[in-house]
$ cat coords-v5.csv   # CSV, C-alpha atoms and all ligand atoms
chain,number,residue,atom,x,y,z
A,296,MET,CA,10.1,-33.3,-24.9
A,297,PHE,CA,7.2,-31.6,-23.3
A,298,SER,CA,9.0,-31.3,-20.0
A,299,ARG,CA,11.7,-29.4,-21.7
A,300,LEU,CA,9.2,-26.9,-23.1
A,301,PHE,CA,7.7,-26.4,-19.7
A,302,ARG,CA,11.1,-25.7,-18.1
A,303,GLN,CA,11.8,-22.9,-20.5
A,304,ARG,CA,8.7,-21.0,-19.3
A,305,PRO,CA,9.1,-18.5,-16.5
A,306,ALA,CA,8.2,-19.9,-13.1
A,307,PRO,CA,4.4,-19.5,-12.4
A,308,ALA,CA,5.0,-17.2,-9.4
A,309,GLU,CA,7.1,-14.8,-11.6
A,310,GLN,CA,4.5,-14.9,-14.3
A,311,ALA,CA,1.6,-14.2,-11.9
A,312,SER,CA,3.1,-11.7,-9.5
A,313,GLN,CA,1.2,-8.4,-9.3
A,314,TYR,CA,4.6,-6.6,-9.2
A,315,HIS,CA,5.3,-8.0,-12.6
A,316,GLN,CA,1.8,-7.3,-13.9
A,317,ILE,CA,1.7,-3.7,-12.8
A,318,GLY,CA,5.0,-3.0,-14.7
A,319,GLY,CA,7.8,-3.6,-12.2
A,320,GLU,CA,9.8,-1.1,-10.0
A,321,GLU,CA,9.0,2.2,-11.7
A,322,SER,CA,5.3,1.5,-11.8
A,323,VAL,CA,5.2,0.5,-8.1
A,324,ARG,CA,7.2,3.6,-7.2
A,325,ALA,CA,4.7,5.7,-9.3
A,326,LEU,CA,1.8,4.2,-7.4
A,327,ALA,CA,3.4,5.0,-4.0
A,328,HIS,CA,4.3,8.5,-5.0
A,329,ARG,CA,0.9,9.3,-6.5
A,330,PHE,CA,-0.8,8.0,-3.4
A,331,TYR,CA,1.1,10.5,-1.2
A,332,ASP,CA,0.8,13.3,-3.8
A,333,ILE,CA,-3.0,12.9,-3.7
A,334,MET,CA,-3.0,12.8,0.1
A,335,ALA,CA,-1.0,16.0,0.2
A,336,THR,CA,-3.3,17.9,-2.1
A,337,ASP,CA,-6.8,16.5,-1.9
A,338,PRO,CA,-9.0,18.4,0.7
A,339,ALA,CA,-10.9,15.1,1.2
A,340,ALA,CA,-7.8,13.7,2.9
A,341,ALA,CA,-7.0,16.7,5.1
A,342,GLU,CA,-7.2,14.8,8.4
A,343,LEU,CA,-5.2,11.9,7.1
A,344,LEU,CA,-2.5,14.3,5.9
A,345,ALA,CA,-2.5,16.1,9.3
A,346,MET,CA,-1.7,12.7,11.0
A,347,HIS,CA,1.5,12.2,9.0
A,348,PRO,CA,4.8,13.7,10.2
A,349,GLN,CA,6.2,16.1,7.6
A,350,PRO,CA,8.0,16.0,5.3
A,351,MET,CA,6.8,12.6,4.0
A,352,ASP,CA,9.9,11.7,1.9
A,353,GLY,CA,11.0,8.8,4.2
A,354,ILE,CA,7.4,7.5,4.5
A,355,ARG,CA,7.0,7.6,0.7
A,356,GLN,CA,10.2,5.6,0.3
A,357,ARG,CA,9.3,3.0,2.9
A,358,PHE,CA,5.8,2.7,1.5
A,359,PHE,CA,7.3,2.0,-1.9
A,360,GLU,CA,9.7,-0.6,-0.4
A,361,PHE,CA,6.7,-2.3,1.4
A,362,LEU,CA,4.6,-2.4,-1.7
A,363,SER,CA,7.5,-3.9,-3.7
A,364,GLY,CA,7.4,-7.0,-1.5
A,365,TRP,CA,3.7,-7.0,-0.9
A,366,LEU,CA,3.0,-7.2,-4.6
A,367,GLY,CA,5.4,-10.2,-5.0
A,368,GLY,CA,8.5,-8.3,-6.1
A,369,PRO,CA,11.8,-7.7,-4.2
A,370,GLN,CA,11.3,-7.7,-0.4
A,371,LEU,CA,13.0,-4.3,0.0
A,372,PHE,CA,11.2,-3.4,3.3
A,373,VAL,CA,11.8,-6.7,5.0
A,374,GLU,CA,15.5,-6.8,4.0
A,375,LYS,CA,16.0,-3.3,5.6
A,376,TYR,CA,13.7,-3.3,8.6
A,377,GLY,CA,12.4,-6.8,9.1
A,378,HIS,CA,8.8,-7.9,9.2
A,379,PRO,CA,6.5,-4.9,8.6
A,380,ARG,CA,4.2,-5.6,11.6
A,381,LEU,CA,1.8,-3.2,9.8
A,382,ARG,CA,-1.0,-3.1,12.4
A,383,ALA,CA,1.4,-2.7,15.3
A,384,ARG,CA,3.3,0.0,13.4
A,385,HIS,CA,0.1,2.0,13.0
A,386,LEU,CA,-1.0,1.7,16.7
A,387,PRO,CA,0.5,5.0,17.7
A,388,PHE,CA,-2.1,6.6,15.4
A,389,THR,CA,-5.9,6.8,16.0
A,390,ILE,CA,-7.4,4.9,13.0
A,391,ASP,CA,-11.1,4.7,12.8
A,392,ILE,CA,-13.5,4.2,9.9
A,393,ARG,CA,-13.2,7.8,8.8
A,394,MET,CA,-9.4,7.6,8.6
A,395,ARG,CA,-9.7,4.2,6.7
A,396,ASP,CA,-12.0,5.9,4.2
A,397,GLN,CA,-9.7,8.8,3.7
A,398,TRP,CA,-6.7,6.4,3.1
A,399,LEU,CA,-8.8,4.4,0.7
A,400,HIS,CA,-10.0,7.5,-1.1
A,401,CYS,CA,-6.4,8.4,-1.9
A,402,MET,CA,-5.5,4.8,-2.9
A,403,TYR,CA,-8.5,4.4,-5.1
A,404,LEU,CA,-7.7,7.6,-7.0
A,405,ALA,CA,-4.0,6.4,-7.4
A,406,LEU,CA,-5.1,3.0,-8.7
A,407,ASP,CA,-7.5,4.7,-11.2
A,408,GLU,CA,-4.6,6.7,-12.6
A,409,GLN,CA,-1.8,4.1,-12.4
A,410,VAL,CA,-3.5,0.7,-13.0
A,411,PRO,CA,-5.4,0.6,-16.3
A,412,ASP,CA,-5.8,-3.2,-16.5
A,413,PRO,CA,-9.4,-3.9,-15.2
A,414,LEU,CA,-8.7,-7.2,-13.5
A,415,LEU,CA,-5.5,-6.1,-11.7
A,416,HIS,CA,-7.2,-2.9,-10.7
A,417,GLN,CA,-10.1,-4.8,-9.2
A,418,GLN,CA,-7.8,-7.2,-7.4
A,419,LEU,CA,-5.6,-4.5,-5.9
A,420,LYS,CA,-8.6,-2.4,-4.8
A,421,ALA,CA,-10.0,-5.4,-2.9
A,422,GLN,CA,-6.6,-6.2,-1.3
A,423,PHE,CA,-6.0,-2.6,-0.2
A,424,THR,CA,-9.6,-2.3,1.1
A,425,HIS,CA,-9.1,-5.5,3.2
A,426,LEU,CA,-5.7,-4.3,4.6
A,427,ALA,CA,-6.9,-0.8,5.4
A,428,HIS,CA,-9.9,-2.2,7.3
A,429,HIS,CA,-7.5,-4.4,9.3
A,430,MET,CA,-5.6,-1.2,10.4
A,431,ILE,CA,-8.6,0.2,12.3
A,432,ASN,CA,-7.8,0.4,16.0
A,433,THR,CA,-10.5,2.8,17.3
A,434,ASP,CA,-14.3,2.4,17.2
A,435,GLU,CA,-16.9,5.1,16.4
A,436,ARG,CA,-17.1,6.2,20.0
A,437,GLY,CA,-13.4,6.9,20.0
A,438,GLU,CA,-12.6,3.8,22.1
A,439,ARG,CA,-9.5,1.8,21.4
A,440,MET,CA,-10.1,-1.7,20.2
B,501,LIG,C1,-6.2,2.7,7.1
B,501,LIG,C2,-5.7,3.9,7.3
B,501,LIG,C3,-4.3,4.2,7.5
B,501,LIG,C4,-3.8,5.3,8.1
B,501,LIG,C5,-4.6,6.3,8.9
B,501,LIG,C6,-2.3,5.2,8.0
B,501,LIG,C7,-1.5,6.2,8.6
B,501,LIG,C8,-0.1,6.1,8.5
B,501,LIG,C9,0.8,7.1,9.1
B,501,LIG,C10,0.4,8.2,10.0
B,501,LIG,C11,2.1,6.7,8.8
B,501,LIG,C12,3.4,7.4,9.2
B,501,LIG,C13,4.0,6.6,10.3
B,501,LIG,C14,5.2,7.2,10.9
B,501,LIG,O1,5.7,8.3,10.5
B,501,LIG,O2,5.8,6.6,11.8
B,501,LIG,C15,2.0,5.5,8.0
B,501,LIG,C16,3.0,4.9,7.4
B,501,LIG,C17,3.0,3.8,6.7
B,501,LIG,N1,1.8,3.1,6.3
B,501,LIG,FE1,0.0,3.6,6.8
B,501,LIG,N2,-2.0,4.2,7.3
B,501,LIG,C18,-3.1,3.5,6.9
B,501,LIG,C19,-3.2,2.4,6.2
B,501,LIG,C20,-2.1,1.7,5.6
B,501,LIG,C21,-2.2,0.6,4.7
B,501,LIG,C22,-3.5,-0.1,4.3
B,501,LIG,C23,-0.9,0.2,4.4
B,501,LIG,C24,-0.5,-0.9,3.5
B,501,LIG,C25,-1.0,-1.1,2.3
B,501,LIG,C26,0.0,1.2,5.0
B,501,LIG,C27,1.3,1.1,5.0
B,501,LIG,C28,2.2,2.0,5.6
B,501,LIG,C29,3.6,2.0,5.5
B,501,LIG,C30,4.4,0.9,4.8
B,501,LIG,C31,4.1,3.0,6.2
B,501,LIG,C32,5.6,3.4,6.4
B,501,LIG,C33,6.0,2.8,7.6
B,501,LIG,C34,7.3,3.4,8.2
B,501,LIG,O3,7.5,4.6,8.1
B,501,LIG,O4,8.1,2.6,8.7
B,501,LIG,N3,-0.8,2.0,5.8
B,501,LIG,N4,0.7,5.2,7.8

$ encode --input "coords-v5.csv" --output "structure tokens" --more "lines below"
Ligand code: HEM
Amino acid sequence: MFSRLFRQRPAPAEQASQYHQIGGEESVRALAHRFYDIMATDPAAAELLAMHPQPMDGIRQRFFEFLSGWLGGPQLFVEKYGHPRLRARHLPFTIDIRMRDQWLHCMYLALDEQVPDPLLHQQLKAQFTHLAHHMINTDERGERM
């Protein structure tokens, strides 16, 4: 009898996915779009913006597709383009601590706006911080690492 009750519940992964918690496709899209809107308008991210080829429509869409899978939802990016190879994909760009911080500045503001749940907000902030740090490929003296 109990096993029947358990089977009727959603699978744990589905219950727990951040994609689901944040509010699904529209909310993930909103996070991606707000991130690039902030980058495009906030003077504190001017150097980061200058590094991005314009217009950013394609990048916005691919960032949304990446986030969808990364948050535990549909693997839209992987289905279209294969493994993201995120660090390798960013190697053509000079990413130092300064660029990391400008990227995180935009993402923290986007999270403040789009993710009201305190626990999820805190978790996503930690995950983005970790990943952004991993993207650094240039040290403070401008040398490649
Ligand atoms: C840490 C500082 C970062 C900098 C300076 C940076 C910079 C850039 C730039 C310049 C592009 C455009 C690439 C192109 O047009 O070819 C880009 C694209 C992208 N970035 Fe970042 N990025 C950073 C961190 C991150 C992080 C933490 C993530 C994931 C959470 C991420 C995910 C992406 C994705 C998915 C794309 C689109 C890739 C594509 O166009 O195929 N980036 N980034």

$ atom_distance --input "coords-v5.csv" --atom1 "CA of Thr424 (chain A)" --atom2 "CA of Arg384 (chain A)"
18.0 Å

$ residues_near_ligand --input "coords-v5.csv" --ligand "ligand LIG 501 (chain B)" --cutoff "8 Å" --atoms "all atoms listed in the file" --output "mmCIF file with C-alpha atoms, in the coordinates of the input"
data_model
loop_
_atom_site.group_PDB
_atom_site.id
_atom_site.type_symbol
_atom_site.label_atom_id
_atom_site.label_comp_id
_atom_site.auth_asym_id
_atom_site.auth_seq_id
_atom_site.Cartn_x
_atom_site.Cartn_y
_atom_site.Cartn_z
ATOM 1 C CA LEU A 343 -5.200 11.900 7.100
ATOM 2 C CA LEU A 344 -2.500 14.300 5.900
ATOM 3 C CA MET A 346 -1.700 12.700 11.000
ATOM 4 C CA HIS A 347 1.500 12.200 9.000
ATOM 5 C CA PRO A 348 4.800 13.700 10.200
ATOM 6 C CA MET A 351 6.800 12.600 4.000
ATOM 7 C CA GLY A 353 11.000 8.800 4.200
ATOM 8 C CA ILE A 354 7.400 7.500 4.500
ATOM 9 C CA ARG A 355 7.000 7.600 0.700
ATOM 10 C CA GLN A 356 10.200 5.600 0.300
ATOM 11 C CA ARG A 357 9.300 3.000 2.900
ATOM 12 C CA PHE A 358 5.800 2.700 1.500
ATOM 13 C CA PHE A 359 7.300 2.000 -1.900
ATOM 14 C CA GLU A 360 9.700 -0.600 -0.400
ATOM 15 C CA PHE A 361 6.700 -2.300 1.400
ATOM 16 C CA LEU A 362 4.600 -2.400 -1.700
ATOM 17 C CA PRO A 379 6.500 -4.900 8.600
ATOM 18 C CA LEU A 381 1.800 -3.200 9.800
ATOM 19 C CA ARG A 384 3.300 0.000 13.400
ATOM 20 C CA HIS A 385 0.100 2.000 13.000
ATOM 21 C CA PHE A 388 -2.100 6.600 15.400
ATOM 22 C CA THR A 389 -5.900 6.800 16.000
ATOM 23 C CA ILE A 390 -7.400 4.900 13.000
ATOM 24 C CA ASP A 391 -11.100 4.700 12.800
ATOM 25 C CA ILE A 392 -13.500 4.200 9.900
ATOM 26 C CA MET A 394 -9.400 7.600 8.600
ATOM 27 C CA ARG A 395 -9.700 4.200 6.700
ATOM 28 C CA ASP A 396 -12.000 5.900 4.200
ATOM 29 C CA GLN A 397 -9.700 8.800 3.700
ATOM 30 C CA TRP A 398 -6.700 6.400 3.100
ATOM 31 C CA LEU A 399 -8.800 4.400 0.700
ATOM 32 C CA PHE A 423 -6.000 -2.600 -0.200
ATOM 33 C CA THR A 424 -9.600 -2.300 1.100
ATOM 34 C CA HIS A 425 -9.100 -5.500 3.200
ATOM 35 C CA LEU A 426 -5.700 -4.300 4.600
ATOM 36 C CA ALA A 427 -6.900 -0.800 5.400
ATOM 37 C CA HIS A 428 -9.900 -2.200 7.300
ATOM 38 C CA HIS A 429 -7.500 -4.400 9.300
ATOM 39 C CA MET A 430 -5.600 -1.200 10.400
ATOM 40 C CA ILE A 431 -8.600 0.200 12.300
#

$ atom_distance --input "coords-v5.csv" --atom1 "CA of His400 (chain A)" --atom2 "CA of Asp332 (chain A)"
12.6 Å

$ closest_atom_pairs --input "coords-v5.csv" --of "region 370-414 of chain A" --to "region 313-325 of chain A" --cutoff "12 Å" --atoms "only C-alpha atoms" --output "tab-separated table"
residue	atom	partner	partner_atom	distance
A:Gln370	CA	A:Tyr314	CA	11.1
A:Leu371	CA	A:Glu320	CA	11.0
A:Ala405	CA	A:Ala325	CA	8.9
A:Leu406	CA	A:Ala325	CA	10.2
A:Glu408	CA	A:Ala325	CA	9.9
A:Gln409	CA	A:Ala325	CA	7.4
A:Val410	CA	A:Ile317	CA	6.8
A:Pro411	CA	A:Ile317	CA	9.0
A:Asp412	CA	A:Ile317	CA	8.4
A:Pro413	CA	A:Ile317	CA	11.4
A:Leu414	CA	A:Gln316	CA	10.5

$ closest_residue --input "coords-v5.csv" --among "A:His328, A:Leu404, A:Pro387, A:Arg393" --to "Glu342 (chain A)" --atoms "all atoms listed in the file"
A:Arg393

$ atom_distance --input "coords-v5.csv" --atom1 "CA of Ser312 (chain A)" --atom2 "CA of Gly368 (chain A)"
7.2 Å

$ closest_residue --input "coords-v5.csv" --among "A:Gln349, A:Ser363, A:Thr433, A:Gln418" --to "Leu326 (chain A)" --atoms "all atoms listed in the file"
A:Ser363

$ closest_residue --input "coords-v5.csv" --among "A:Ala383, A:Ala345, A:Ala335, A:Val373" --to "Asn432 (chain A)" --atoms "only C-alpha atoms"
A:Ala383

$ closest_residue --input "coords-v5.csv" --among "A:Ala311, A:Asp434, A:Ala339, A:Arg380" --to "Gly367 (chain A)" --atoms "only C-alpha atoms"
A:Ala311

$ build_atoms --input "coords-v5.csv" --residues "region 390-414 of chain A" --atoms "N, CA and C atoms" --output "compact mmCIF listing (two decimals), keeping the file's coordinate frame"
# COMPACT_ATOMS: atom_id res chain seq x y z
N ILE A 390 -6.79 5.27 14.31
CA ILE A 390 -7.40 4.90 13.00
C ILE A 390 -8.76 4.36 13.18
N ASP A 391 -9.74 5.16 12.73
CA ASP A 391 -11.10 4.70 12.80
C ASP A 391 -11.65 4.61 11.33
N ILE A 392 -12.97 4.39 11.20
CA ILE A 392 -13.50 4.20 9.90
C ILE A 392 -13.28 5.40 8.96
N ARG A 393 -13.37 6.58 9.59
CA ARG A 393 -13.20 7.80 8.80
C ARG A 393 -11.75 7.88 8.24
N MET A 394 -10.75 7.53 9.04
CA MET A 394 -9.40 7.60 8.60
C MET A 394 -9.15 6.46 7.50
N ARG A 395 -9.76 5.31 7.75
CA ARG A 395 -9.70 4.20 6.70
C ARG A 395 -10.21 4.73 5.41
N ASP A 396 -11.35 5.42 5.47
CA ASP A 396 -12.00 5.90 4.20
C ASP A 396 -11.16 6.95 3.52
N GLN A 397 -10.52 7.82 4.31
CA GLN A 397 -9.70 8.80 3.70
C GLN A 397 -8.46 8.18 3.02
N TRP A 398 -7.89 7.17 3.70
CA TRP A 398 -6.70 6.40 3.10
C TRP A 398 -7.17 5.76 1.82
N LEU A 399 -8.32 5.11 1.87
CA LEU A 399 -8.80 4.40 0.70
C LEU A 399 -9.16 5.35 -0.45
N HIS A 400 -9.69 6.50 -0.10
CA HIS A 400 -10.00 7.50 -1.10
C HIS A 400 -8.75 7.82 -1.94
N CYS A 401 -7.64 8.06 -1.25
CA CYS A 401 -6.40 8.40 -1.90
C CYS A 401 -5.90 7.19 -2.76
N MET A 402 -5.99 6.00 -2.18
CA MET A 402 -5.50 4.80 -2.90
C MET A 402 -6.36 4.49 -4.12
N TYR A 403 -7.67 4.64 -3.98
CA TYR A 403 -8.50 4.40 -5.10
C TYR A 403 -8.21 5.31 -6.30
N LEU A 404 -7.99 6.60 -5.98
CA LEU A 404 -7.70 7.60 -7.00
C LEU A 404 -6.30 7.21 -7.67
N ALA A 405 -5.34 6.82 -6.84
CA ALA A 405 -4.00 6.40 -7.40
C ALA A 405 -4.13 5.21 -8.26
N LEU A 406 -4.95 4.25 -7.86
CA LEU A 406 -5.10 3.00 -8.70
C LEU A 406 -5.83 3.40 -10.00
N ASP A 407 -6.83 4.29 -9.94
CA ASP A 407 -7.50 4.70 -11.20
C ASP A 407 -6.53 5.27 -12.18
N GLU A 408 -5.58 6.04 -11.68
CA GLU A 408 -4.60 6.70 -12.60
C GLU A 408 -3.53 5.68 -13.05
N GLN A 409 -3.07 4.82 -12.16
CA GLN A 409 -1.80 4.10 -12.40
C GLN A 409 -2.04 2.63 -12.87
N VAL A 410 -3.24 2.08 -12.68
CA VAL A 410 -3.50 0.70 -13.00
C VAL A 410 -4.61 0.53 -14.01
N PRO A 411 -4.32 0.60 -15.32
CA PRO A 411 -5.40 0.60 -16.30
C PRO A 411 -6.02 -0.83 -16.50
N ASP A 412 -5.25 -1.89 -16.24
CA ASP A 412 -5.80 -3.20 -16.50
C ASP A 412 -6.97 -3.50 -15.51
N PRO A 413 -8.17 -3.78 -16.03
CA PRO A 413 -9.40 -3.90 -15.20
C PRO A 413 -9.30 -4.95 -14.10
N LEU A 414 -8.76 -6.11 -14.45
CA LEU A 414 -8.70 -7.20 -13.50
C LEU A 414 -7.73 -6.91 -12.36
